[in-house]
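Asks: query28.cif is the file, holding mmCIF, C-alpha atoms and all ligand atoms:
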```cif
data_start
loop_
_atom_site.label_atom_id
_atom_site.label_comp_id
_atom_site.auth_asym_id
_atom_site.auth_seq_id
_atom_site.Cartn_x
_atom_site.Cartn_y
_atom_site.Cartn_z
CA MET A 13 42.81 52.14 23.83
CA LEU A 14 44.98 55.03 22.74
CA ASN A 15 44.44 54.60 19.00
CA GLN A 16 40.67 54.85 19.40
CA ASN A 17 41.08 57.88 21.59
CA ILE A 18 43.41 59.61 19.11
CA LYS A 19 41.15 58.74 16.19
CA GLU A 20 38.11 60.30 17.88
CA SER A 21 40.02 63.35 19.06
CA THR A 22 41.60 64.11 15.68
CA THR A 23 38.51 63.61 13.50
CA GLN A 24 38.12 67.36 12.97
CA ALA A 25 41.80 67.90 12.23
CA HIS A 26 41.70 65.03 9.72
CA ALA A 27 38.61 66.38 7.97
CA LYS A 28 40.16 69.84 7.71
CA LEU A 29 43.43 68.54 6.26
CA GLU A 30 41.61 66.16 3.92
CA GLY A 31 39.64 69.14 2.55
CA THR A 32 42.87 71.08 2.01
CA VAL A 33 44.59 68.17 0.25
CA VAL A 34 41.55 67.48 -1.95
CA ARG A 35 41.47 71.17 -3.00
CA GLN A 36 45.16 71.00 -3.91
CA LEU A 37 44.66 67.82 -5.93
CA LYS A 38 41.61 69.18 -7.74
CA ALA A 39 43.81 71.97 -9.08
CA VAL A 40 46.30 69.48 -10.57
CA ARG A 41 46.39 69.68 -14.36
CA SER A 42 49.84 68.31 -15.11
CA ASN A 43 52.69 66.23 -13.73
CA ALA A 44 54.43 69.47 -12.73
CA ASP A 45 51.40 70.60 -10.68
CA TYR A 46 51.30 67.24 -8.96
CA ALA A 47 55.05 67.39 -8.28
CA ASP A 48 54.48 70.74 -6.48
CA VAL A 49 51.89 69.15 -4.18
CA LEU A 50 54.25 66.24 -3.52
CA LYS A 51 57.02 68.71 -2.71
CA ALA A 52 54.89 70.08 0.13
CA PHE A 53 54.36 66.52 1.37
CA TYR A 54 58.08 65.86 1.10
CA ALA A 55 59.13 68.99 3.00
CA TYR A 56 56.82 68.12 5.86
CA PHE A 57 57.17 64.33 6.07
CA ASN A 58 60.95 64.56 5.83
CA ALA A 59 61.07 67.16 8.62
CA VAL A 60 58.76 65.15 10.89
CA GLU A 61 60.80 61.99 10.23
CA LYS A 62 63.96 63.82 11.33
CA THR A 63 62.22 65.10 14.46
CA ILE A 64 61.04 61.64 15.54
CA ALA A 65 64.12 59.66 14.43
CA PRO A 66 65.91 59.72 17.83
CA TYR A 67 62.92 57.99 19.45
CA ILE A 68 61.75 55.57 16.74
CA THR A 69 64.49 53.01 17.33
CA PRO A 70 64.29 49.38 16.16
CA ASP A 71 63.28 48.45 19.72
CA VAL A 72 60.27 50.73 19.49
CA LEU A 73 59.18 49.94 15.92
CA PRO A 74 61.08 46.94 14.49
CA ASP A 75 59.64 47.27 10.96
CA TYR A 76 60.22 51.04 10.65
CA ALA A 77 62.86 50.61 7.92
CA GLU A 78 60.34 48.70 5.76
CA ARG A 79 57.70 51.37 6.12
CA ARG A 80 56.88 53.91 3.46
CA ASN A 81 58.64 57.22 4.08
CA SER A 82 59.59 60.48 2.45
CA SER A 83 62.22 58.78 0.25
CA HIS A 84 59.25 57.40 -1.71
CA ILE A 85 57.90 60.92 -2.14
CA LYS A 86 61.28 62.06 -3.38
CA ALA A 87 61.43 59.19 -5.91
CA ASP A 88 57.95 60.14 -7.17
CA ILE A 89 58.93 63.81 -7.55
CA ILE A 90 61.99 62.81 -9.56
CA GLU A 91 59.94 60.44 -11.72
CA LEU A 92 57.66 63.38 -12.49
CA GLY A 93 60.64 65.45 -13.63
CA GLY A 94 60.84 67.60 -10.50
CA ASN A 95 63.42 68.04 -7.73
CA VAL A 96 63.53 68.65 -3.98
CA ASP A 97 65.40 71.97 -4.16
CA ASN A 98 64.08 75.13 -2.47
CA LEU A 99 61.70 73.38 -0.10
CA LEU A 100 59.15 75.34 1.93
CA GLN A 101 60.16 76.06 5.52
CA VAL A 102 58.12 73.88 7.83
CA GLU A 103 57.50 73.67 11.58
CA THR A 104 57.10 70.28 13.23
CA PRO A 105 55.79 69.41 16.69
CA THR A 106 58.47 69.03 19.36
CA VAL A 107 58.63 65.49 20.70
CA ASN A 108 60.43 64.29 23.81
CA ASN A 109 59.86 60.56 24.03
CA ALA A 110 58.86 57.44 22.08
CA LEU A 111 55.14 57.85 22.68
CA GLU A 112 55.15 61.45 21.48
CA ALA A 113 57.16 60.41 18.42
CA LEU A 114 54.71 57.57 17.69
CA SER A 115 51.82 60.03 18.03
CA ALA A 116 53.32 62.18 15.28
CA LEU A 117 54.05 59.09 13.21
CA TYR A 118 50.40 58.06 13.63
CA VAL A 119 49.50 60.97 11.34
CA LEU A 120 52.14 60.11 8.72
CA GLU A 121 51.31 56.39 8.71
CA GLY A 122 47.57 57.06 8.72
CA SER A 123 47.86 59.10 5.53
CA ILE A 124 48.34 55.78 3.71
CA MET A 125 44.64 55.06 4.23
CA GLY A 126 43.68 58.03 2.07
CA GLY A 127 46.19 56.94 -0.62
CA PRO A 128 43.86 54.89 -2.83
CA TYR A 129 41.39 57.80 -3.03
CA ILE A 130 44.21 60.16 -3.92
CA VAL A 131 45.51 57.82 -6.67
CA GLN A 132 41.95 57.60 -8.07
CA MET A 133 41.66 61.39 -8.13
CA LEU A 134 45.02 61.77 -9.84
CA ASN A 135 44.11 59.20 -12.48
CA LYS A 136 40.94 61.17 -13.17
CA TYR A 137 43.06 64.28 -13.80
CA GLY A 138 45.29 62.35 -16.19
CA VAL A 139 48.22 61.77 -13.82
CA GLN A 140 49.45 58.17 -13.91
CA GLN A 141 53.08 58.59 -12.81
CA GLY A 142 54.68 59.22 -9.44
CA THR A 143 52.09 57.45 -7.33
CA SER A 144 54.33 55.04 -5.39
CA PHE A 145 53.99 57.07 -2.17
CA PHE A 146 50.19 57.16 -2.25
CA SER A 147 49.99 53.50 -3.23
CA GLY A 148 51.26 52.76 0.29
CA TYR A 149 51.47 49.10 1.18
CA GLY A 150 48.83 47.92 -1.32
CA ASP A 151 47.14 44.75 -0.07
CA ASN A 152 49.31 44.80 3.05
CA THR A 153 47.98 48.17 4.24
CA HIS A 154 45.62 46.72 6.84
CA ASN A 155 48.32 44.48 8.39
CA MET A 156 50.88 47.29 8.50
CA TRP A 157 48.37 49.60 10.14
CA GLN A 158 47.42 46.98 12.74
CA ALA A 159 51.10 46.37 13.55
CA PHE A 160 51.65 50.11 13.99
CA VAL A 161 48.56 50.57 16.16
CA THR A 162 49.64 47.68 18.40
CA VAL A 163 52.96 49.43 19.07
CA LEU A 164 51.23 52.78 19.62
CA ASN A 165 48.79 51.26 22.11
CA LYS A 166 51.56 49.44 23.96
CA HIS A 167 53.41 52.71 24.51
CA GLY A 168 50.18 54.44 25.46
CA GLU A 169 48.92 51.93 27.99
CA ASP A 170 48.73 54.57 30.71
CA PRO A 171 45.60 56.71 30.11
CA ALA A 172 47.38 59.62 31.79
CA THR A 173 49.58 59.89 28.67
CA HIS A 174 46.70 60.17 26.21
CA ALA A 175 46.08 63.90 26.41
CA ARG A 176 49.66 64.73 25.39
CA SER A 177 49.60 62.11 22.67
CA ILE A 178 46.38 63.57 21.22
CA GLU A 179 47.87 67.06 21.42
CA ILE A 180 50.90 65.96 19.37
CA ALA A 181 48.73 64.20 16.76
CA ASN A 182 46.50 67.26 16.39
CA GLU A 183 49.54 69.49 16.08
CA THR A 184 51.02 67.14 13.45
CA PHE A 185 47.84 67.51 11.39
CA SER A 186 47.56 71.28 11.79
CA ARG A 187 51.19 72.07 11.03
CA PHE A 188 50.87 70.07 7.82
CA GLY A 189 47.90 72.26 6.95
CA ASP A 190 50.13 75.31 7.50
CA VAL A 191 52.46 74.03 4.77
CA PHE A 192 49.61 74.19 2.23
CA THR A 193 48.69 77.70 3.38
CA GLN A 194 52.29 78.66 2.63
CA LEU A 195 52.19 76.84 -0.73
CA ALA A 196 49.02 78.72 -1.71
CA ALA A 197 50.75 82.02 -0.85
CA THR A 198 53.55 81.25 -3.33
CA GLU A 199 51.15 80.51 -6.20
C1 LIG B 201 42.41 63.14 -0.06
C2 LIG B 201 42.87 63.06 1.17
C3 LIG B 201 42.47 62.00 2.16
C4 LIG B 201 41.45 61.11 2.15
C5 LIG B 201 40.38 60.90 1.10
C6 LIG B 201 41.56 60.33 3.38
C7 LIG B 201 40.71 59.29 3.72
C8 LIG B 201 40.87 58.49 4.82
C9 LIG B 201 40.04 57.36 5.13
C10 LIG B 201 38.89 56.85 4.25
C11 LIG B 201 40.48 56.83 6.28
C12 LIG B 201 39.88 55.67 7.07
C13 LIG B 201 40.41 54.35 6.68
C14 LIG B 201 39.88 53.26 7.57
O1 LIG B 201 39.44 53.52 8.71
O2 LIG B 201 39.91 52.14 7.11
C15 LIG B 201 41.59 57.63 6.72
C16 LIG B 201 42.30 57.41 7.87
C17 LIG B 201 43.34 58.21 8.28
N1 LIG B 201 43.89 59.27 7.60
FE1 LIG B 201 43.20 60.08 5.91
N2 LIG B 201 42.62 60.77 4.10
C18 LIG B 201 43.21 61.77 3.38
C19 LIG B 201 44.32 62.48 3.71
C20 LIG B 201 45.05 62.26 4.85
C21 LIG B 201 46.28 62.97 5.18
C22 LIG B 201 46.97 63.98 4.27
C23 LIG B 201 46.66 62.51 6.40
C24 LIG B 201 47.86 62.87 7.24
C25 LIG B 201 48.94 63.48 6.81
C26 LIG B 201 45.69 61.52 6.84
C27 LIG B 201 45.71 60.84 8.03
C28 LIG B 201 44.89 59.80 8.37
C29 LIG B 201 44.98 59.06 9.61
C30 LIG B 201 45.95 59.30 10.76
C31 LIG B 201 44.02 58.04 9.53
C32 LIG B 201 43.82 56.94 10.57
C33 LIG B 201 42.61 57.14 11.45
C34 LIG B 201 42.52 55.95 12.41
O3 LIG B 201 41.97 54.92 12.02
O4 LIG B 201 43.01 56.08 13.53
N3 LIG B 201 44.73 61.40 5.88
N4 LIG B 201 41.81 58.64 5.81
#
```
Please render this file's structure as structure tokens.
Ligand code: HEM
Replies:
Amino acid sequence: MLNQNIKESTTQAHAKLEGTVVRQLKAVRSNADYADVLKAFYAYFNAVEKTIAPYITPDVLPDYAERRNSSHIKADIIELGGNVDNLLQVETPTVNNALEALSALYVLEGSIMGGPYIVQMLNKYGVQQGTSFFSGYGDNTHNMWQAFVTVLNKHGEDPATHARSIEIANETFSRFGDVFTQLAATE
């Protein structure tokens, strides 16, 4: 199934990005530091959402409107006293159909699974506010992920489509990493 194939083929990209995000979070000492990390998430997630929007119609993913998205990141930034002005410039993968769009969304949706670990880390560094985005779907996380994966697999029934799908997912991971490289350069 496509989801298994993507998971195996993006393991390295995930590990690399996870390392980058953990390093960023370890440097958080205040709400303002955390808001800066969230701003990088916002710039990227918002841009990817815009890129995929034409293809993620209600027919494709009926519960899309109920899913966590960058508006939650924005709300968290504002709760922390920050704003979404002067965002970093980001590049997103180019997608041309529903499957490619779902393959990029796989990366955004999957980030929810790391959320509880991120919230734990933040609590350790004294940050208690602005965690609605990383709290994801709470107890419903497993069900929401299964529903997403079912849609992804349905669109990726033809194994001939998998290589492109994997390419998009890997690019979605790596371009997010580029945003943190840029963030580090501004610090
Ligand atoms: C501190 C950072 C992170 C940690 C500790 C983390 C941890 C995890 C863990 C434990 C899982 C597996 C959950 C399971 O199989 O039940 C997972 C899955 C996943 N994570 Fe992360 N993650 C982090 C950051 C991210 C980020 C920033 C993204 C993307 C923007 C991401 C994308 C994914 C994806 C796509 C999956 C789903 C893999 C699959 O089952 O197909 N993660 N993560």
Asks: Pick out the residues sitting within 12 Å of stretch 126-137 of chain A, and hand them over as a tab-separated table (two decimals) with C-alpha atoms, keeping the file's coordinate frame; count only C-alpha atoms, and ignore anything fewer than 6 positions along from it in its own chain.
Replies:
```tsv
chain	number	residue	atom	x	y	z
A	26	HIS	CA	41.70	65.03	9.72
A	27	ALA	CA	38.61	66.38	7.97
A	29	LEU	CA	43.43	68.54	6.26
A	30	GLU	CA	41.61	66.16	3.92
A	31	GLY	CA	39.64	69.14	2.55
A	33	VAL	CA	44.59	68.17	0.25
A	34	VAL	CA	41.55	67.48	-1.95
A	35	ARG	CA	41.47	71.17	-3.00
A	36	GLN	CA	45.16	71.00	-3.91
A	37	LEU	CA	44.66	67.82	-5.93
A	38	LYS	CA	41.61	69.18	-7.74
A	39	ALA	CA	43.81	71.97	-9.08
A	40	VAL	CA	46.30	69.48	-10.57
A	41	ARG	CA	46.39	69.68	-14.36
A	42	SER	CA	49.84	68.31	-15.11
A	43	ASN	CA	52.69	66.23	-13.73
A	45	ASP	CA	51.40	70.60	-10.68
A	46	TYR	CA	51.30	67.24	-8.96
A	47	ALA	CA	55.05	67.39	-8.28
A	49	VAL	CA	51.89	69.15	-4.18
A	50	LEU	CA	54.25	66.24	-3.52
A	80	ARG	CA	56.88	53.91	3.46
A	119	VAL	CA	49.50	60.97	11.34
A	120	LEU	CA	52.14	60.11	8.72
A	143	THR	CA	52.09	57.45	-7.33
A	144	SER	CA	54.33	55.04	-5.39
A	145	PHE	CA	53.99	57.07	-2.17
A	146	PHE	CA	50.19	57.16	-2.25
A	147	SER	CA	49.99	53.50	-3.23
A	148	GLY	CA	51.26	52.76	0.29
A	149	TYR	CA	51.47	49.10	1.18
A	150	GLY	CA	48.83	47.92	-1.32
A	151	ASP	CA	47.14	44.75	-0.07
A	153	THR	CA	47.98	48.17	4.24
```
Asks: Work out how far apart atom CA of A:Thr23 and atom CA of A:Thr198 are and give it in Å to one decimal.
Replies: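 So the answer is 28.6 Å.
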Asks: Quick one: residues within 10 Å of A:Tyr67, all atoms listed in the file counted, chain neighbours fewer than 6 positions away excluded, as a count of residues only?
Replies: 9
Asks: In Å, with one decimal, what is the gap from atom FE1 of ligand LIG 201 (chain B) to atom CA of A:Gly122?
Replies: 6.0 Å
Asks: So, with all atoms listed in the file as the atoms that count, which of A:Gln158, A:Asn95, A:Ser123, A:Thr22 lies closest to ligand LIG 201 (chain B)?
Replies: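 Closest residue, counting all atoms listed in the file: A:Ser123.
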Asks: With all atoms listed in the file as the atoms that count, which of A:Asp75, A:Asp170, A:Glu103, A:Glu121 lies nearest to A:Ala59?
Replies: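 Checking each candidate against A:Ala59, we get A:Glu103 as the closest.
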Asks: List the residues sitting within 12 Å of (43.6, 72.7, 11.8) in the file's frame, using all atoms listed in the file, as a PyMOL selection string.
Replies: chain A and resi 22-32+179+181-193
Asks: For ligand LIG 201 (chain B), which residue among A:Leu100, A:Val60, A:Met125, A:Ile90 is the nearest when counting only C-alpha atoms and all ligand atoms?
Replies: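 Under the stated criterion, the closest residue is A:Met125.
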Asks: With distances taken over only C-alpha atoms, which residue among A:Asp48, A:Glu199, A:Glu20, A:Glu169 lies nearest A:Asn98?
Replies: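 Answer, going by the shortest atom-to-atom distance: A:Asp48.
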Asks: Kindly give the distance, in Å, that separates atom CA of A:Phe160 and atom C17 of ligand LIG 201 (chain B), rounded to a single decimal.
Replies: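 Separation between atom CA of A:Phe160 and atom C17 of ligand LIG 201 (chain B): 12.9 Å.
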Asks: Which of these residues is nearest to ligand LIG 201 (chain B), using all atoms listed in the file: A:Asn155, A:Gln194, A:Thr63, A:Ser83?
Replies: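 Looking only at the distances to ligand LIG 201 (chain B), the closest residue turns out to be A:Asn155.
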Asks: Measuring between all atoms listed in the file, which one of A:Tyr118, A:Ile85, A:Ala65, A:Leu92 shows the shortest distance to ligand LIG 201 (chain B)?
Replies: A:Tyr118
